[in-house]
Structure formats: structure tokens, C-alpha cells
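upload.pdb (PDB, C-alpha atoms)
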ATOM      1  CA  MET A   1      92.776 137.177 -76.335
ATOM      2  CA  PRO A   2      93.738 138.136 -79.907
ATOM      3  CA  PHE A   3      92.904 141.541 -81.292
ATOM      4  CA  SER A   4      89.650 141.776 -83.259
ATOM      5  CA  TYR A   5      88.177 144.736 -85.119
ATOM      6  CA  ARG A   6      84.712 143.299 -84.660
ATOM      7  CA  ARG A   7      85.194 143.336 -80.880
ATOM      8  CA  LEU A   8      86.679 146.840 -81.108
ATOM      9  CA  PHE A   9      83.731 148.350 -83.006
ATOM     10  CA  PHE A  10      80.807 146.181 -81.898
ATOM     11  CA  GLY A  11      81.874 144.674 -78.578
ATOM     12  CA  GLY A  12      81.959 147.775 -76.384
ATOM     13  CA  THR A  13      79.395 148.781 -73.780
ATOM     14  CA  THR A  14      79.862 152.582 -73.960
ATOM     15  CA  PHE A  15      80.019 155.339 -76.565
ATOM     16  CA  CYS A  16      81.592 158.787 -76.468
ATOM     17  CA  CYS A  17      84.108 157.339 -73.979
ATOM     18  CA  CYS A  18      81.773 156.982 -70.984
ATOM     19  CA  LEU A  19      78.068 156.931 -71.887
ATOM     20  CA  PRO A  20      76.301 153.539 -71.801
ATOM     21  CA  VAL A  21      75.051 152.228 -75.118
ATOM     22  CA  ARG A  22      71.577 151.648 -73.677
ATOM     23  CA  PHE A  23      71.249 155.375 -73.059
ATOM     24  CA  GLY A  24      72.412 156.019 -76.625
ATOM     25  CA  VAL A  25      69.783 153.683 -78.066
ATOM     26  CA  ILE A  26      67.048 155.371 -76.021
ATOM     27  CA  VAL A  27      68.117 158.829 -77.220
ATOM     28  CA  MET A  28      68.490 157.740 -80.855
ATOM     29  CA  SER A  29      65.148 155.957 -80.945
ATOM     30  CA  SER A  30      63.416 158.951 -79.360
ATOM     31  CA  LEU A  31      64.907 161.343 -81.924
ATOM     32  CA  GLY A  32      64.109 158.832 -84.665
ATOM     33  CA  CYS A  33      60.456 158.740 -83.620
ATOM     34  CA  LEU A  34      60.309 162.549 -83.702
ATOM     35  CA  VAL A  35      62.140 163.174 -86.989
ATOM     36  CA  SER A  36      60.801 160.219 -88.954
ATOM     37  CA  GLY A  37      57.284 160.881 -87.673
ATOM     38  CA  VAL A  38      57.371 164.486 -88.913
ATOM     39  CA  MET A  39      58.883 163.466 -92.250
ATOM     40  CA  MET A  40      56.341 160.686 -92.667
ATOM     41  CA  ILE A  41      53.429 163.067 -92.100
ATOM     42  CA  LEU A  42      54.827 165.672 -94.496
ATOM     43  CA  LEU A  43      55.546 163.182 -97.279
ATOM     44  CA  TRP A  44      52.155 161.461 -97.150
ATOM     45  CA  PHE A  45      50.450 164.827 -96.961
ATOM     46  CA  GLU A  46      52.390 166.021-100.041
ATOM     47  CA  ILE A  47      51.475 162.856-101.951
ATOM     48  CA  SER A  48      47.781 163.182-101.110
ATOM     49  CA  THR A  49      47.459 166.921-101.842
ATOM     50  CA  THR A  50      49.655 167.347-104.910
ATOM     51  CA  LEU A  51      47.744 166.341-108.006
ATOM     52  CA  TYR A  52      50.136 167.293-110.759
ATOM     53  CA  MET A  53      53.141 165.003-110.330
ATOM     54  CA  THR A  54      55.036 162.996-112.837
ATOM     55  CA  THR A  55      55.248 159.246-112.393
ATOM     56  CA  GLN A  56      58.886 159.386-111.366
ATOM     57  CA  GLU A  57      58.228 162.094-108.765
ATOM     58  CA  ARG A  58      55.273 160.194-107.278
ATOM     59  CA  VAL A  59      57.296 156.967-107.089
ATOM     60  CA  ALA A  60      60.142 158.809-105.370
ATOM     61  CA  PHE A  61      57.788 160.414-102.841
ATOM     62  CA  VAL A  62      56.033 157.111-102.108
ATOM     63  CA  LEU A  63      59.320 155.305-101.563
ATOM     64  CA  ALA A  64      60.548 158.069 -99.264
ATOM     65  CA  ALA A  65      57.271 158.020 -97.313
ATOM     66  CA  LEU A  66      57.403 154.240 -96.928
ATOM     67  CA  THR A  67      61.003 154.433 -95.742
ATOM     68  CA  GLU A  68      60.134 157.030 -93.120
ATOM     69  CA  THR A  69      57.123 154.979 -91.994
ATOM     70  CA  VAL A  70      59.247 151.873 -91.517
ATOM     71  CA  LEU A  71      61.895 153.914 -89.715
ATOM     72  CA  PHE A  72      59.245 155.428 -87.427
ATOM     73  CA  SER A  73      57.920 151.975 -86.509
ATOM     74  CA  ALA A  74      61.440 150.660 -85.954
ATOM     75  CA  SER A  75      62.259 153.623 -83.711
ATOM     76  CA  ILE A  76      59.252 152.791 -81.522
ATOM     77  CA  LEU A  77      60.415 149.170 -81.272
ATOM     78  CA  GLY A  78      63.944 150.321 -80.453
ATOM     79  CA  LEU A  79      62.722 152.639 -77.719
ATOM     80  CA  VAL A  80      60.583 149.930 -76.122
ATOM     81  CA  GLY A  81      63.336 147.331 -76.501
ATOM     82  CA  ALA A  82      65.933 149.576 -74.855
ATOM     83  CA  ILE A  83      63.631 150.411 -71.943
ATOM     84  CA  VAL A  84      62.494 146.855 -71.178
ATOM     85  CA  ARG A  85      65.721 145.151 -72.427
ATOM     86  CA  LYS A  86      63.876 143.202 -75.098
ATOM     87  CA  GLN A  87      66.382 141.536 -77.411
ATOM     88  CA  LEU A  88      63.950 140.886 -80.273
ATOM     89  CA  PHE A  89      62.801 144.536 -80.502
ATOM     90  CA  THR A  90      66.385 145.795 -80.313
ATOM     91  CA  GLN A  91      67.440 143.344 -83.011
ATOM     92  CA  ILE A  92      64.680 144.490 -85.377
ATOM     93  CA  TYR A  93      65.591 148.131 -84.734
ATOM     94  CA  THR A  94      69.293 147.458 -85.389
ATOM     95  CA  TYR A  95      68.671 145.593 -88.640
ATOM     96  CA  ILE A  96      66.388 148.349 -89.918
ATOM     97  CA  LEU A  97      69.097 150.882 -89.073
ATOM     98  CA  TYR A  98      71.508 148.808 -91.189
ATOM     99  CA  PHE A  99      69.039 148.855 -94.070
ATOM    100  CA  ASP A 100      68.384 152.584 -93.709
ATOM    101  CA  PHE A 101      72.111 153.342 -93.624
ATOM    102  CA  VAL A 102      72.656 151.385 -96.862
ATOM    103  CA  ILE A 103      69.754 153.222 -98.525
ATOM    104  CA  ASN A 104      71.064 156.612 -97.404
ATOM    105  CA  LEU A 105      74.523 155.693 -98.648
ATOM    106  CA  VAL A 106      73.126 154.829-102.076
ATOM    107  CA  VAL A 107      71.020 158.004-102.143
ATOM    108  CA  ALA A 108      73.994 160.136-101.091
ATOM    109  CA  ALA A 109      76.125 158.618-103.850
ATOM    110  CA  TYR A 110      73.395 159.297-106.415
ATOM    111  CA  LEU A 111      72.905 162.865-105.192
ATOM    112  CA  THR A 112      76.656 163.437-105.297
ATOM    113  CA  TYR A 113      76.686 162.399-108.925
ATOM    114  CA  GLU A 114      73.737 164.678-109.711
ATOM    115  CA  VAL A 115      75.265 167.639-107.854
ATOM    116  CA  ASN A 116      78.540 167.265-109.739
ATOM    117  CA  ARG A 117      76.728 167.030-113.067
ATOM    118  CA  ALA A 118      74.437 169.996-112.288
ATOM    119  CA  SER A 119      77.279 172.180-111.017
ATOM    120  CA  THR A 120      79.325 171.439-114.127
ATOM    121  CA  ASN A 121      76.410 172.345-116.403
ATOM    122  CA  ALA A 122      75.618 175.461-114.377
ATOM    123  CA  GLU A 123      79.221 176.556-114.446
ATOM    124  CA  THR A 124      79.323 176.154-118.216
ATOM    125  CA  VAL A 125      75.973 177.783-118.966
ATOM    126  CA  ALA A 126      75.588 180.426-116.262
ATOM    127  CA  CYS A 127      79.148 181.369-115.427
ATOM    128  CA  GLN A 128      80.871 181.187-118.782
ATOM    129  CA  GLU A 129      78.191 181.779-121.435
ATOM    130  CA  ALA A 130      75.799 184.136-119.668
ATOM    131  CA  ILE A 131      78.413 186.222-117.808
ATOM    132  CA  LYS A 132      81.031 188.010-119.867
ATOM    133  CA  ASP A 133      82.920 189.723-117.036
ATOM    134  CA  PRO A 134      85.928 187.593-116.023
ATOM    135  CA  GLN A 135      85.705 188.720-112.383
ATOM    136  CA  ALA A 136      82.003 187.858-112.225
ATOM    137  CA  GLN A 137      82.700 184.522-113.854
ATOM    138  CA  SER A 138      85.255 183.674-111.163
ATOM    139  CA  GLN A 139      82.786 184.687-108.459
ATOM    140  CA  CYS A 140      80.058 182.525-110.004
ATOM    141  CA  THR A 141      82.399 179.548-110.248
ATOM    142  CA  GLY A 142      83.510 180.026-106.627
ATOM    143  CA  LEU A 143      79.878 180.148-105.441
ATOM    144  CA  LEU A 144      79.030 176.899-107.192
ATOM    145  CA  THR A 145      82.152 175.235-105.804
ATOM    146  CA  PHE A 146      81.277 176.431-102.276
ATOM    147  CA  ALA A 147      77.716 175.102-102.570
ATOM    148  CA  LYS A 148      79.024 171.769-103.756
ATOM    149  CA  SER A 149      81.495 171.604-100.858
ATOM    150  CA  VAL A 150      78.744 172.416 -98.361
ATOM    151  CA  TYR A 151      76.658 169.551 -99.706
ATOM    152  CA  PHE A 152      79.611 167.150 -99.458
ATOM    153  CA  VAL A 153      80.277 168.146 -95.838
ATOM    154  CA  ILE A 154      76.628 167.843 -94.817
ATOM    155  CA  ALA A 155      76.239 164.474 -96.544
ATOM    156  CA  ALA A 156      79.430 163.152 -94.933
ATOM    157  CA  ILE A 157      78.361 164.319 -91.451
ATOM    158  CA  VAL A 158      74.908 162.781 -91.821
ATOM    159  CA  LEU A 159      76.341 159.466 -92.997
ATOM    160  CA  LEU A 160      78.964 159.380 -90.241
ATOM    161  CA  VAL A 161      76.389 160.166 -87.553
ATOM    162  CA  GLU A 162      74.050 157.508 -88.870
ATOM    163  CA  MET A 163      76.881 154.976 -89.082
ATOM    164  CA  TYR A 164      77.922 155.712 -85.483
ATOM    165  CA  GLY A 165      74.323 155.363 -84.349
ATOM    166  CA  THR A 166      74.158 151.986 -86.082
ATOM    167  CA  ILE A 167      77.335 150.928 -84.277
ATOM    168  CA  ILE A 168      75.822 152.018 -80.944
ATOM    169  CA  ALA A 169      72.700 149.949 -81.610
ATOM    170  CA  ALA A 170      74.842 146.964 -82.618
ATOM    171  CA  ARG A 171      76.894 147.281 -79.418
ATOM    172  CA  TYR A 172      73.763 147.307 -77.297
ATOM    173  CA  LEU A 173      72.384 144.307 -79.196
ATOM    174  CA  ASN A 174      75.618 142.361 -78.563
ATOM    175  CA  GLN A 175      75.518 143.382 -74.912
ATOM    176  CA  LEU A 176      71.953 142.081 -74.598
ATOM    177  CA  GLN A 177      72.940 138.825 -76.299
ATOM    178  CA  ARG A 178      75.845 138.346 -73.867
ATOM    179  CA  GLU A 179      73.654 139.105 -70.852
ATOM    180  CA  LYS A 180      70.860 136.817 -72.046
ATOM    181  CA  GLY A 181      73.369 134.072 -72.838
ATOM    182  CA  ALA A 182      74.995 134.327 -69.408
ATOM    183  CA  ALA A 183      71.603 134.266 -67.681
ATOM    184  CA  ARG A 184      70.511 131.267 -69.770
ATOM    185  CA  ALA A 185      73.724 129.381 -68.981
ATOM    186  CA  SER A 186      73.342 130.117 -65.273
ATOM    187  CA  ARG A 187      69.736 128.925 -65.332
ATOM    188  CA  LEU A 188      70.689 125.728 -67.164
ATOM    189  CA  ASP A 189      73.482 125.060 -64.670
ATOM    190  CA  THR A 190      71.051 125.521 -61.794
ATOM    191  CA  GLU A 191      68.475 123.228 -63.385
ATOM    192  CA  ARG A 192      71.152 120.647 -64.148
ATOM    193  CA  ALA A 193      72.352 120.775 -60.565
ATOM    194  CA  PHE A 194      68.881 120.183 -59.085
ATOM    195  CA  GLN A 195      67.296 117.973 -61.736
ATOM    196  CA  LEU A 196      66.112 114.523 -60.705
ATOM    197  CA  LYS A 197      65.817 112.917 -64.131
ATOM    198  CA  PRO A 198      69.089 112.463 -66.053
ATOM    199  CA  ARG A 199      69.361 113.978 -69.517
ATOM    200  CA  ASN A 200      70.465 112.153 -72.664
ATOM    201  CA  GLN A 201      70.349 108.818 -70.823
ATOM    202  CA  HIS A 202      73.469 109.699 -68.833
ATOM    203  CA  HIS A 203      72.704 108.287 -65.408
ATOM    204  CA  TYR A 204      74.395 109.407 -62.263
ATOM    205  CA  SER A 205      77.460 107.511 -61.180
ATOM    206  CA  ARG A 206      76.850 105.079 -58.348
ATOM    207  CA  LEU A 207      79.126 104.887 -55.356
ATOM    208  CA  PRO A 208      80.538 101.451 -54.563
ATOM    209  CA  ASP A 209      78.605  99.572 -51.878
ATOM    210  CA  PRO A 210      80.938  99.152 -48.884
ATOM    211  CA  THR A 211      78.900  96.194 -47.663
ATOM    212  CA  SER A 212      79.953  93.086 -49.488
ATOM    213  CA  GLN A 213      77.807  90.011 -49.772
ATOM    214  CA  SER A 214      80.474  87.992 -47.994
ATOM    215  CA  MET A 215      80.177  90.245 -44.930
ATOM    216  CA  LEU A 216      76.457  89.546 -44.446
ATOM    217  CA  PRO A 217      75.280  86.536 -42.398
ATOM    218  CA  PRO A 218      73.909  83.675 -44.466
ATOM    219  CA  LEU A 219      70.175  83.499 -44.871
ATOM    220  CA  ASP A 220      68.347  80.654 -43.177
ATOM    221  CA  PRO A 221      66.975  78.317 -45.891
ATOM    222  CA  SER A 222      63.773  77.909 -43.881
ATOM    223  CA  TYR A 223      62.793  81.491 -44.769
ATOM    224  CA  LEU A 224      63.134  81.029 -48.516
ATOM    225  CA  GLY A 225      60.139  78.768 -49.142
ATOM    226  CA  PRO A 226      56.475  79.114 -48.278
ATOM    227  CA  SER A 227      55.446  78.137 -44.788
ATOM    228  CA  GLY A 228      52.049  77.386 -43.263
ATOM    229  CA  VAL A 229      53.176  78.371 -39.739
ATOM    230  CA  GLU A 230      51.927  81.742 -38.593
ATOM    231  CA  PHE A 231      54.652  84.167 -37.636
ATOM    232  CA  ASN A 232      54.940  84.900 -33.923
ATOM    233  CA  PRO A 233      57.283  87.789 -33.075
ATOM    234  CA  TYR A 234      57.573  86.590 -29.474
ATOM    235  CA  ASP A 235      59.061  83.231 -30.381
ATOM    236  CA  GLU A 236      62.814  82.987 -30.005
ATOM    237  CA  THR A 237      64.387  81.707 -33.158
ATOM    238  CA  ALA A 238      67.963  80.601 -33.324
ATOM    239  CA  THR A 239      69.768  82.569 -35.970
ATOM    240  CA  ALA A 240      72.765  81.098 -37.687
ATOM    241  CA  PHE A 241      75.719  83.446 -37.549
ATOM    242  CA  PRO A 242      78.958  83.141 -39.476
ATOM    243  CA  PRO A 243      82.064  82.035 -37.650
ATOM    244  CA  ARG A 244      83.812  84.574 -35.485
ATOM    245  CA  SER A 245      86.725  84.972 -37.904
ATOM    246  CA  SER A 246      84.407  86.341 -40.671
ATOM    247  CA  ARG A 247      82.664  88.950 -38.521
ATOM    248  CA  VAL A 248      83.546  92.595 -39.162
ATOM    249  CA  VAL A 249      81.478  94.306 -36.470
ATOM    250  CA  PHE A 250      81.072  93.744 -32.736
ATOM    251  CA  GLU A 251      84.413  91.966 -32.505
ATOM    252  CA  ASP A 252      84.670  92.617 -28.774
ATOM    253  CA  ILE A 253      81.382  90.919 -27.840
ATOM    254  CA  VAL A 254      82.145  87.919 -25.574
ATOM    255  CA  ASP A 255      79.936  84.859 -25.913
ATOM    256  CA  GLY A 256      78.329  83.689 -22.707
ATOM    257  CA  PRO A 257      75.952  84.954 -20.027
ATOM    258  CA  PRO A 258      75.817  88.679 -19.292
ATOM    259  CA  PRO A 259      77.833  90.008 -16.315
ATOM    260  CA  PRO A 260      76.066  90.563 -12.983
ATOM    261  CA  ILE A 261      74.554  93.914 -12.223
ATOM    262  CA  GLU A 262      76.966  94.469  -9.342
ATOM    263  CA  VAL A 263      79.866  94.784 -11.753
ATOM    264  CA  GLY A 264      80.568  98.499 -12.304
ATOM    265  CA  TYR A 265      81.242 100.181 -15.592
ATOM    266  CA  GLY A 266      84.854 100.678 -14.592
ATOM    267  CA  GLY A 267      85.427  96.954 -14.436
ATOM    268  CA  GLY A 268      85.618  96.685 -10.574
ATOM    269  CA  SER A 269      83.627  94.418  -8.260
ATOM    270  CA  TRP A 270      81.526  96.976  -6.357
ATOM    271  CA  THR A 271      78.511  95.692  -4.414
ATOM    272  CA  HIS A 272      75.610  97.439  -2.737
ATOM    273  CA  GLY A 273      76.921  96.516   0.723
ATOM    274  CA  GLY A 274      80.347  97.948  -0.070
ATOM    275  CA  ILE A 275      78.823 101.167  -1.307
ATOM    276  CA  ALA A 276      76.724 101.497   1.905
ATOM    277  CA  ASP A 277      79.767 100.869   4.128
ATOM    278  CA  GLU A 278      81.790 103.455   2.242
ATOM    279  CA  GLU A 279      79.007 106.021   2.650
ATOM    280  CA  LYS A 280      78.846 105.379   6.405
ATOM    281  CA  GLU A 281      82.601 105.810   6.763
ATOM    282  CA  ARG A 282      82.437 109.095   4.851
ATOM    283  CA  LEU A 283      79.695 110.429   7.159
ATOM    284  CA  LYS A 284      81.706 109.438  10.280
ATOM    285  CA  ARG A 285      84.782 111.241   8.984
ATOM    286  CA  ARG A 286      82.763 114.390   8.308
ATOM    287  CA  GLU A 287      81.201 114.342  11.808
ATOM    288  CA  LYS A 288      84.631 113.872  13.359
ATOM    289  CA  LEU A 289      86.056 116.826  11.461
ATOM    290  CA  GLU A 290      83.116 119.003  12.474
ATOM    291  CA  ALA A 291      83.547 118.029  16.157
ATOM    292  CA  GLU A 292      87.268 118.845  16.086
ATOM    293  CA  GLY A 293      86.501 122.216  14.537
ATOM    294  CA  MET A 294      83.939 123.094  17.237
ATOM    295  CA  SER A 295      86.348 122.146  20.096
ATOM    296  CA  SER A 296      89.155 124.282  18.679
ATOM    297  CA  GLN A 297      86.770 127.219  18.347
ATOM    298  CA  SER A 298      85.669 126.917  22.035
ATOM    299  CA  VAL A 299      89.285 126.812  23.212
ATOM    300  CA  SER A 300      90.099 129.970  21.332
ATOM    301  CA  ASN A 301      87.058 131.713  22.809
ATOM    302  CA  ASN A 302      88.125 130.805  26.384
ATOM    303  CA  GLU A 303      91.618 132.141  25.782
ATOM    304  CA  GLU A 304      90.260 135.439  24.494
ATOM    305  CA  SER A 305      87.973 135.867  27.565
ATOM    306  CA  GLY A 306      90.853 135.135  30.015
ATOM    307  CA  LEU A 307      93.052 137.685  28.324
ATOM    308  CA  SER A 308      90.386 140.353  28.574
ATOM    309  CA  THR A 309      89.869 139.670  32.341
ATOM    310  CA  HIS A 310      93.600 139.929  33.021
ATOM    311  CA  LEU A 311      93.752 143.288  31.305
ATOM    312  CA  VAL A 312      90.899 144.687  33.352
TER     313      VAL A 312
END
Would you mind giving the structure from this file in C-alpha cells?
Amino acid sequence: MPFSYRRLFFGGTTFCCCLPVRFGVIVMSSLGCLVSGVMMILLWFEISTTLYMTTQERVAFVLAALTETVLFSASILGLVGAIVRKQLFTQIYTYILYFDFVINLVVAAYLTYEVNRASTNAETVACQEAIKDPQAQSQCTGLLTFAKSVYFVIAAIVLLVEMYGTIIAARYLNQLQREKGAARASRLDTERAFQLKPRNQHHYSRLPDPTSQSMLPPLDPSYLGPSGVEFNPYDETATAFPPRSSRVVFEDIVDGPPPPIEVGYGGGSWTHGGIADEEKERLKRREKLEAEGMSSQSVSNNEESGLSTHLV
């Protein structure tokens, strides 16, 4: 897979090396609800209570209040979307974060210009014209430079944090899109596997029929037309079969009358009389063996009794 910066910045699933992006979106949206909610209340309260404002100041306050209101609403959507894994809510929250980051970037650039212009004027008026001591002038100039540097650092940190938060939200949005896409593809594959009606008029392929028409027996022409004779299932009807050379099943069936019942399954010629005679012979042999066994046992008993008498 080729290297891509988009995949590097927006394709990950973690931030700060190990934390999941879903957790980051939950934390960011919670903090956004808190901060933007407080700022929204303060700005609208200031607009409603302050009577003596210029038109430019009132427009600036109204725009700031509207921005914080939209950000507060988006933070609520982001929090709900991260908890329930709702792609639409997360997408709205991410896009509003993009918009807010662009606005803050423009505001920071404008404030940077104003700070540079104000510090230059202050350095000229306050440090050089009002103060005559060279040492005090250098201290005044250093203080203004330090204040300007502090503003630059704070503005840069705020913009970097907001940009990283936007990247985290974008990563979670891409993760949700991948998960939803995989689930949708799996569901479509399952439906396609079990669907009964073909889609896009692409019918299922049919297997070739192994039974050819030439292998079937010919149909009797008497069955093709209408007949006024009532069907009787007990009547024997001669069925025309194809010649033996064209048959494919039951090749070993021999034409003719069935064999007699006396013929065994092994192919021999066993009869009931032969079976009875064999059973009688078997019983005689068993009785003979039993008789020989009893006589040998009696002889051994007599020998043992004679030996015992001799010993006594």
C-alpha cells in the first residue's frame, strides 16, 4: 500500500499514541459543552445588559455569541454521536469543528495584526516620547515585546490544540465510516447469499440435466389424445419399452418368469426339506457329543473313587 499523508493524519484509530479516538471525541465534546455553554451565556448576557455599545461592538458580540451557540449545539451532537456511534451526529460535529477552526485562524491572524500595530504605536508613544530615561525606555520596550510574545505563544497553542482536536474527530468519523461500510457490505453479502429473487435480471445458472430425452422410454400415443374410457388403476396395461441396447438402468434384469421361492439369495438350490434334514443332523451330532462327554466324566469319577479306596 503506497504512503499517504491523508491516511497518516486522518486514518488512525488512536491519539496520543494509545488512546482511542472515540474517547477523545467524548472528552472534547464534553469540554466543548462546558466552555462554549459558559461563553454563550456570558456573551448573550453582556449583549442584553449593556446599553451603550457602538454598532461595531454589538455586531462583534452577536457574531461571537452565535458562534458559541452553534459550537455548544455541535458539542452536544458530538457527545451523543460518540456515545451511540451515530455517524450523522459525528459528521455534523466534525464539520462544525472545521468551520470553527477556520474562524479562529482568521481571528487569530487579525488579532496578531492588531497586536503588532498596537505594540508599535505604544512603543513609539509610551516608551520613546513619554519616557526620557534610556534605561526605562528599554524596560518599557522589553515589556511590550514580552507581552506580544506571550500572546503569540497562547494563540499558537490554542490553534494547535484545536487543530489536533479536529484531526481526532476526523479520525473517529473515518473509523465510523469504515465500520459502517464493512457492516453494510457484510449484510449485503448475506442478503445476496440467501435471496430468492435474482437482482438486475441475472438469473441463477442452471445445472445440465443428466437425463437426456433419448434415455427416457417413448410415450404411448394412446395417452396423448382424449379418451372416453375411465381410468382403472387395477388394469394391467402393456407398456412399450425401448430395446435392451438403449436402456441405461436395470441392465442386469433378466426377462422371463421370476425364480422360485426355494432359490436362496446366495444362488444355491436350497429347499425346505433339505433345511429340515440338515437341522436334524445337527441335533443328532450335538446329542452324540453330549453323550460322549457324560461317559468320559463317569469314567473319571470311578477312577478317582478306586484310587481313594486303595489308599485307605
Per residue of segment 125-204 of chain A within 6 Å of segment 3-23 of chain A, record the nearest atom pair and its distance in Å to one decimal, counting only C-alpha atoms, with rows in chain order and ascending residue number, as CSV.
residue,atom,partner,partner_atom,distance
A:Ile168,CA,A:Val21,CA,5.9
A:Arg171,CA,A:Phe10,CA,4.8
A:Tyr172,CA,A:Val21,CA,5.5
Residue contacts of Leu77 of chain A (9 Å, all atoms listed in the file) excluding same-chain residues fewer than 3 positions away, as JSON, numbers by chain: {"A": [29, 72, 73, 74, 80, 81, 82, 89, 90, 92, 93]}
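Shortest atom-to-atom contact with Gln87 of chain A among A:Leu176, A:Glu230, A:Glu191, A:Gly32: A:Leu176, counting only C-alpha atoms.
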Atom CA of Ala169 of chain A to atom CA of Val84 of chain A, straight-line distance in Å: 14.9 Å
From A:Leu51, A:Leu34, A:Ala108, A:Pro134, residue lying nearest Val158 of chain A [only C-alpha atoms]: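 Result for the nearest residue to Val158 of chain A: A:Ala108.
The space between atom CA of Trp44 of chain A and atom CA of Tyr95 of chain A spans 24.4 Å.
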Tyr151 of chain A environment, 9 Å, all atoms listed in the file, sequence neighbours closer than 5 positions dropped, as a PyMOL selection string: chain A and resi 112+115+146+156
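Relative to atom CA of Ile96 of chain A, atom CA of Ser36 of chain A is found at 13.2 Å.
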Selection as a count of residues only: residues within 12 Å of (72.7, 154.0, -97.4), counting all atoms listed in the file: 25
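When only C-alpha atoms are used to measure the gap to Thr124 of chain A, the shortest distance among A:Cys140, A:Ile275, A:Leu289, A:Glu281 belongs to A:Cys140.
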Counting all atoms listed in the file, the option among A:Ser119, A:Asn232, A:Gln175, A:Thr69 closest to Ala147 of chain A: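 Answer, going by the shortest atom-to-atom distance: A:Ser119.
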Enclose all atoms of segment 98-102 of chain A listed in the file in an axis-aligned box, grow every side by 5 Å, and hand back centre and edge lengths in Å to one decimal, as lines of an AutoDock Vina configuration file.
center_x = 70.5
center_y = 151.1
center_z = -94.0
size_x = 14.3
size_y = 14.5
size_z = 15.7
